[in-house]
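Colleague: First the structure, which I've put down as structure tokens, then a few questions once you've had a look.
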Amino acid sequence: MSFVNNLSRLIVGSTEPIVALRKSVLDVAEHNIPVLILGPSGSGKELVAQALAEHSGRAGKLVSVNCASIPHSLLEAELFGYEKGAFTGANKSHKGKFEQAHNGTLFLDEIGDMPLDLQSKLLRALETKTFTPVGSSREVAVDFRLVCATHKNLYKQVVMKMFRSDLFFRISAFPIRIPALKDRSDDIEKLVYHLAHQLNTTLQRGMEFKVEKDAMWLLKTFPWPGNVRQLRNVVECLIIRSNGEPISVQQVQNVIREQSRQRLHRDTIDELQAKSAKNSPMQSMTDYQSFFVANGKLMIADHMKSIEREVVSAALIAAEEDFELAAQMLHLSVPELFQKKALHGL
């Protein structure tokens, strides 16, 4: 019972996708097979990894590595450690994440960003449970449970030869998919109050947190492109700005609008405009919504052409310039595909 209660604390919600998610964690937690956590950015993959580690029955700790946040040139040393003098600045030996995770769980977040040369070394470490630190000739034996996560489609990465197929099948023995927040909107009210309680405790604010009915409706119907991470940021901002009165629709609108604009101006609007300039389409409904929220403008006729160009180009690359295969992918005849290829200057 305590296991289930703790799991509900980490994975909050009562909708069908979340109930199924908790069941998957329960099914695999005590087994030693690799787990691959799939889902969009900000959906809570690290919490699922934490739940798996806490209830794995292993004595060691959870050791996390974000493969996307560490420069490729440093990732090998971070994972496998290094000996003193192995490279400039290596003034003393350093234990890597593999060794730190001995008897515990190693969580490789965003594994889809791991470079190909390092993927082969990871595969060997998984198969032999040994590795060689950078600058060393000695082999170190380790016992760890591997959990990986990614927001990317690794199967497509394999097809595009950007991810090793043997490593993909090795790490995906038990895949767990986390739904996007917009696909479980009935959980949002429970999540809002759960996050508010956590944040109130952290911020040491004793004021009661309440949300007006219309404001909660807005929170439940917003598409949440940043998923639970974005919801947490909004709730935190609402708590800081609240004076103990129930949160209003206007307060929610203001916070979402401000954060959306900041997010767009920081790393999205320039990217979307660059995509338009380079005849490269946006990828999702939320891309378009965010673009227009920031007062973006686009010529729909030209943009539809750019989408067709991108799709045709992707099919040709995936088919390795096999025109018959690419035409089948696009439900076109081969002459029609040639026409589109010429039209778009591919």
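As shown in the structure tokens, the chain order sets the letters A, B, ...; within each chain, residues go from 1, and ligands are also counted from 1 in the order they appear.
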Within 7 Å of Ile176 (chain A), counting only C-alpha atoms, which residues show up once you throw out same-chain ones fewer than 2 positions away? Write them as a ChimeraX atom specification, please.
Modeller: /A:24,36-38,174,178
Colleague: From the DSSP assignment of the backbone, select every residue of region 99-336 of chain A that is strand (DSSP E or B), and format the answer as an MDAnalysis selection string.
Modeller: chainID A and resid 105:109 130:131 134 140:141 145:150 174:177 211 247
Colleague: Residues as selected, N, CA and C atoms, written as a PDB file, in the first residue's frame, can you do that?
Modeller:
ATOM      1  N   THR A 105      20.571   2.782  -9.918  1.00  0.00           N
ATOM      2  CA  THR A 105      19.913   3.003 -11.204  1.00  0.00           C
ATOM      3  C   THR A 105      20.590   4.154 -11.930  1.00  0.00           C
ATOM      4  N   LEU A 106      20.914   3.943 -13.194  1.00  0.00           N
ATOM      5  CA  LEU A 106      21.481   4.985 -14.045  1.00  0.00           C
ATOM      6  C   LEU A 106      20.387   5.482 -14.982  1.00  0.00           C
ATOM      7  N   PHE A 107      20.094   6.773 -14.893  1.00  0.00           N
ATOM      8  CA  PHE A 107      19.054   7.383 -15.720  1.00  0.00           C
ATOM      9  C   PHE A 107      19.702   8.272 -16.774  1.00  0.00           C
ATOM     10  N   LEU A 108      19.607   7.854 -18.042  1.00  0.00           N
ATOM     11  CA  LEU A 108      20.142   8.633 -19.159  1.00  0.00           C
ATOM     12  C   LEU A 108      18.987   9.362 -19.833  1.00  0.00           C
ATOM     13  N   ASP A 109      18.836  10.635 -19.484  1.00  0.00           N
ATOM     14  CA  ASP A 109      17.764  11.450 -20.062  1.00  0.00           C
ATOM     15  C   ASP A 109      18.203  11.977 -21.429  1.00  0.00           C
ATOM     16  N   THR A 130      30.951  -3.760 -17.876  1.00  0.00           N
ATOM     17  CA  THR A 130      32.284  -3.213 -17.590  1.00  0.00           C
ATOM     18  C   THR A 130      32.510  -1.999 -18.483  1.00  0.00           C
ATOM     19  N   PHE A 131      33.449  -1.144 -18.075  1.00  0.00           N
ATOM     20  CA  PHE A 131      33.824   0.004 -18.894  1.00  0.00           C
ATOM     21  C   PHE A 131      35.250   0.402 -18.558  1.00  0.00           C
ATOM     22  N   VAL A 134      38.279   7.105 -19.192  1.00  0.00           N
ATOM     23  CA  VAL A 134      39.099   7.838 -20.146  1.00  0.00           C
ATOM     24  C   VAL A 134      40.526   7.956 -19.607  1.00  0.00           C
ATOM     25  N   VAL A 140      36.559  -1.510 -15.280  1.00  0.00           N
ATOM     26  CA  VAL A 140      35.802  -1.392 -14.037  1.00  0.00           C
ATOM     27  C   VAL A 140      34.490  -2.145 -14.199  1.00  0.00           C
ATOM     28  N   ALA A 141      34.190  -3.032 -13.258  1.00  0.00           N
ATOM     29  CA  ALA A 141      32.934  -3.784 -13.297  1.00  0.00           C
ATOM     30  C   ALA A 141      31.865  -3.021 -12.517  1.00  0.00           C
ATOM     31  N   ARG A 145      21.029  -0.703 -12.948  1.00  0.00           N
ATOM     32  CA  ARG A 145      19.800  -0.860 -13.729  1.00  0.00           C
ATOM     33  C   ARG A 145      19.691   0.387 -14.611  1.00  0.00           C
ATOM     34  N   LEU A 146      19.496   0.204 -15.919  1.00  0.00           N
ATOM     35  CA  LEU A 146      19.457   1.318 -16.846  1.00  0.00           C
ATOM     36  C   LEU A 146      18.028   1.762 -17.132  1.00  0.00           C
ATOM     37  N   VAL A 147      17.805   3.061 -16.995  1.00  0.00           N
ATOM     38  CA  VAL A 147      16.551   3.691 -17.411  1.00  0.00           C
ATOM     39  C   VAL A 147      16.920   4.835 -18.338  1.00  0.00           C
ATOM     40  N   CYS A 148      16.308   4.865 -19.516  1.00  0.00           N
ATOM     41  CA  CYS A 148      16.571   5.930 -20.488  1.00  0.00           C
ATOM     42  C   CYS A 148      15.282   6.693 -20.775  1.00  0.00           C
ATOM     43  N   ALA A 149      15.439   7.898 -21.287  1.00  0.00           N
ATOM     44  CA  ALA A 149      14.272   8.697 -21.653  1.00  0.00           C
ATOM     45  C   ALA A 149      14.600   9.544 -22.865  1.00  0.00           C
ATOM     46  N   THR A 150      13.581   9.856 -23.640  1.00  0.00           N
ATOM     47  CA  THR A 150      13.754  10.738 -24.788  1.00  0.00           C
ATOM     48  C   THR A 150      12.400  11.282 -25.221  1.00  0.00           C
ATOM     49  N   PHE A 174      11.544  -2.537 -22.277  1.00  0.00           N
ATOM     50  CA  PHE A 174      10.242  -2.253 -21.673  1.00  0.00           C
ATOM     51  C   PHE A 174       9.956  -0.759 -21.843  1.00  0.00           C
ATOM     52  N   PRO A 175       9.258  -0.383 -22.913  1.00  0.00           N
ATOM     53  CA  PRO A 175       8.948   1.043 -23.115  1.00  0.00           C
ATOM     54  C   PRO A 175       7.759   1.496 -22.267  1.00  0.00           C
ATOM     55  N   ILE A 176       7.870   2.694 -21.713  1.00  0.00           N
ATOM     56  CA  ILE A 176       6.788   3.325 -20.965  1.00  0.00           C
ATOM     57  C   ILE A 176       6.534   4.697 -21.592  1.00  0.00           C
ATOM     58  N   ARG A 177       5.302   4.946 -21.988  1.00  0.00           N
ATOM     59  CA  ARG A 177       4.976   6.224 -22.630  1.00  0.00           C
ATOM     60  C   ARG A 177       4.196   7.114 -21.677  1.00  0.00           C
ATOM     61  N   VAL A 211      -8.514  28.464  -6.601  1.00  0.00           N
ATOM     62  CA  VAL A 211      -8.665  28.914  -7.987  1.00  0.00           C
ATOM     63  C   VAL A 211     -10.151  29.013  -8.315  1.00  0.00           C
ATOM     64  N   ILE A 247      -7.597  32.655  -7.179  1.00  0.00           N
ATOM     65  CA  ILE A 247      -6.984  33.048  -8.450  1.00  0.00           C
ATOM     66  C   ILE A 247      -8.084  33.287  -9.488  1.00  0.00           C
TER      67      ILE A 247
END
Colleague: Just give me the gap between CA of Gly13 (chain A) and CA of Asp187 (chain A) in Å, one decimal is fine.
Modeller: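 Answer for the CA of Gly13 (chain A) to CA of Asp187 (chain A) separation: 5.0 Å.
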Colleague: Pull the alpha helix (DSSP H) assignments for region 144-180 of chain A out of DSSP run on the backbone, and list those residues as a PyMOL selection string.
Modeller: chain A and resi 154-159+165-171
Colleague: Write a file of the just-selected residues containing N, CA and C atoms, as a CSV table (one decimal), in the first residue's frame.
Modeller:
chain,number,residue,atom,x,y,z
A,154,LEU,N,12.9,7.5,-31.6
A,154,LEU,CA,14.1,6.8,-31.8
A,154,LEU,C,14.1,5.9,-33.0
A,155,TYR,N,12.9,5.4,-33.3
A,155,TYR,CA,12.7,4.5,-34.5
A,155,TYR,C,13.1,5.3,-35.7
A,156,LYS,N,12.6,6.5,-35.8
A,156,LYS,CA,13.0,7.3,-36.9
A,156,LYS,C,14.4,7.7,-36.9
A,157,GLN,N,15.0,7.9,-35.7
A,157,GLN,CA,16.4,8.1,-35.6
A,157,GLN,C,17.2,6.9,-36.2
A,158,VAL,N,16.7,5.7,-35.9
A,158,VAL,CA,17.4,4.5,-36.4
A,158,VAL,C,17.3,4.5,-37.9
A,159,VAL,N,16.1,4.7,-38.5
A,159,VAL,CA,15.9,4.7,-39.9
A,159,VAL,C,16.8,5.7,-40.6
A,165,SER,N,20.7,0.8,-34.2
A,165,SER,CA,19.6,-0.1,-34.1
A,165,SER,C,19.8,-1.1,-33.0
A,166,ASP,N,21.0,-1.6,-32.8
A,166,ASP,CA,21.3,-2.6,-31.7
A,166,ASP,C,21.1,-2.0,-30.4
A,167,LEU,N,21.5,-0.7,-30.2
A,167,LEU,CA,21.4,-0.1,-28.9
A,167,LEU,C,19.9,0.2,-28.7
A,168,PHE,N,19.2,0.6,-29.7
A,168,PHE,CA,17.7,0.9,-29.6
A,168,PHE,C,17.0,-0.3,-29.1
A,169,PHE,N,17.2,-1.5,-29.6
A,169,PHE,CA,16.5,-2.7,-29.2
A,169,PHE,C,17.0,-3.1,-27.8
A,170,ARG,N,18.3,-2.8,-27.4
A,170,ARG,CA,18.8,-3.1,-26.1
A,170,ARG,C,18.1,-2.3,-25.0
A,171,ILE,N,17.9,-1.0,-25.3
A,171,ILE,CA,17.4,-0.1,-24.2
A,171,ILE,C,15.9,-0.1,-24.1
Colleague: Please provide the set of residues having any atom within 12 Å of Asp322 (chain A), restricted to only C-alpha atoms, with same-chain residues fewer than 5 positions apart removed, written as an NGL selection string.
Modeller: :A and (315-317 or 327-329 or 334 or 337-338)
Colleague: Quick one: residues within 10 Å of Glu54 (chain A), only C-alpha atoms counted, chain neighbours fewer than 2 positions away excluded, as a ChimeraX atom specification?
Modeller: /A:3,6-7,29-30,48-52,56-62,104-105
Colleague: For the selection just defined, write its residues with C-alpha atoms to a file, as a compact mmCIF listing (two decimals), in the first residue's frame.
Modeller:
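Ended up saving to out25.txt:
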# COMPACT_ATOMS: atom_id res chain seq x y z
CA PHE A 3 4.35 1.65 -2.55
CA ASN A 6 4.25 6.86 -2.91
CA LEU A 7 3.75 6.18 -6.61
CA ALA A 29 9.96 -1.72 -11.07
CA GLU A 30 11.56 -4.76 -9.43
CA VAL A 48 8.93 8.08 -13.57
CA ALA A 49 12.65 7.31 -13.40
CA GLN A 50 12.63 8.28 -9.73
CA ALA A 51 9.65 6.00 -9.07
CA LEU A 52 11.40 3.10 -10.80
CA SER A 56 13.55 -1.26 -7.68
CA GLY A 57 14.77 -3.01 -4.53
CA ARG A 58 18.33 -1.96 -5.38
CA ALA A 59 20.53 -0.63 -2.58
CA GLY A 60 22.27 2.04 -4.63
CA LYS A 61 21.04 5.51 -5.57
CA LEU A 62 19.54 7.04 -8.70
CA GLY A 104 21.66 1.53 -8.19
CA THR A 105 19.91 3.00 -11.20
Colleague: Show me, as a list in words, the residues that have an atom within 10 Å of Lys129 (chain A) when counting only C-alpha atoms, minus same-chain residues fewer than 6 positions from it.
Modeller: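 After dropping sequence-adjacent residues, the list is Phe98, Leu122, Leu123, Glu139, Val140, Ala141, Val142, Asp143 and Phe144 of chain A.
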Colleague: Write out as a CSV table (one decimal) with C-alpha atoms, in the first residue's frame each polymer residue whose atoms come within 10 Å of region 160-163 of chain A, counting only C-alpha atoms; drop sequence neighbours fewer than 6 positions from it.
Modeller:
chain,number,residue,atom,x,y,z
A,111,ILE,CA,19.5,9.6,-24.9
A,112,GLY,CA,18.4,10.4,-28.5
A,113,ASP,CA,21.0,13.2,-28.3
A,114,MET,CA,23.9,10.9,-27.6
A,115,PRO,CA,26.6,10.9,-30.4
A,116,LEU,CA,27.0,7.7,-32.4
A,119,GLN,CA,26.5,4.9,-28.4
A,120,SER,CA,28.8,2.0,-29.3
A,154,LEU,CA,14.1,6.8,-31.8
A,314,ALA,CA,12.0,13.8,-45.8
A,317,ILE,CA,16.0,11.0,-47.4
A,318,ALA,CA,14.2,8.2,-45.5
A,319,ALA,CA,14.0,6.1,-48.7
A,320,GLU,CA,17.7,6.8,-49.5
Colleague: Expressed in Å to a single decimal, how great is the separation between CA of Asn227 (chain A) and CA of Glu308 (chain A)?
Modeller: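 Answer for the CA of Asn227 (chain A) to CA of Glu308 (chain A) separation: 28.8 Å.
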Colleague: Please report the interatomic distance between CA of Glu189 (chain A) and CA of Trp217 (chain A) in Å with one decimal.
Modeller: 8.9 Å
Colleague: If we count only C-alpha atoms, what is near region 78-90 of chain A at a cut-off of 9 Å, once residues fewer than 2 positions away on the same chain are taken out, given as a PyMOL selection string?
Modeller: chain A and resi 65+70+74-76+92-99+131-136
Colleague: Measuring between only C-alpha atoms, which one of A:Ser172, A:Ser14, A:Gln259, A:Asn233 shows the shortest distance to Ala196 (chain A)?
Modeller: A:Asn233
Colleague: Here is a test: counting only C-alpha atoms, which residue of A:Val234, A:Val12, A:Val35, A:Ala215 is nearest to Ser248 (chain A)?
Modeller: A:Ala215
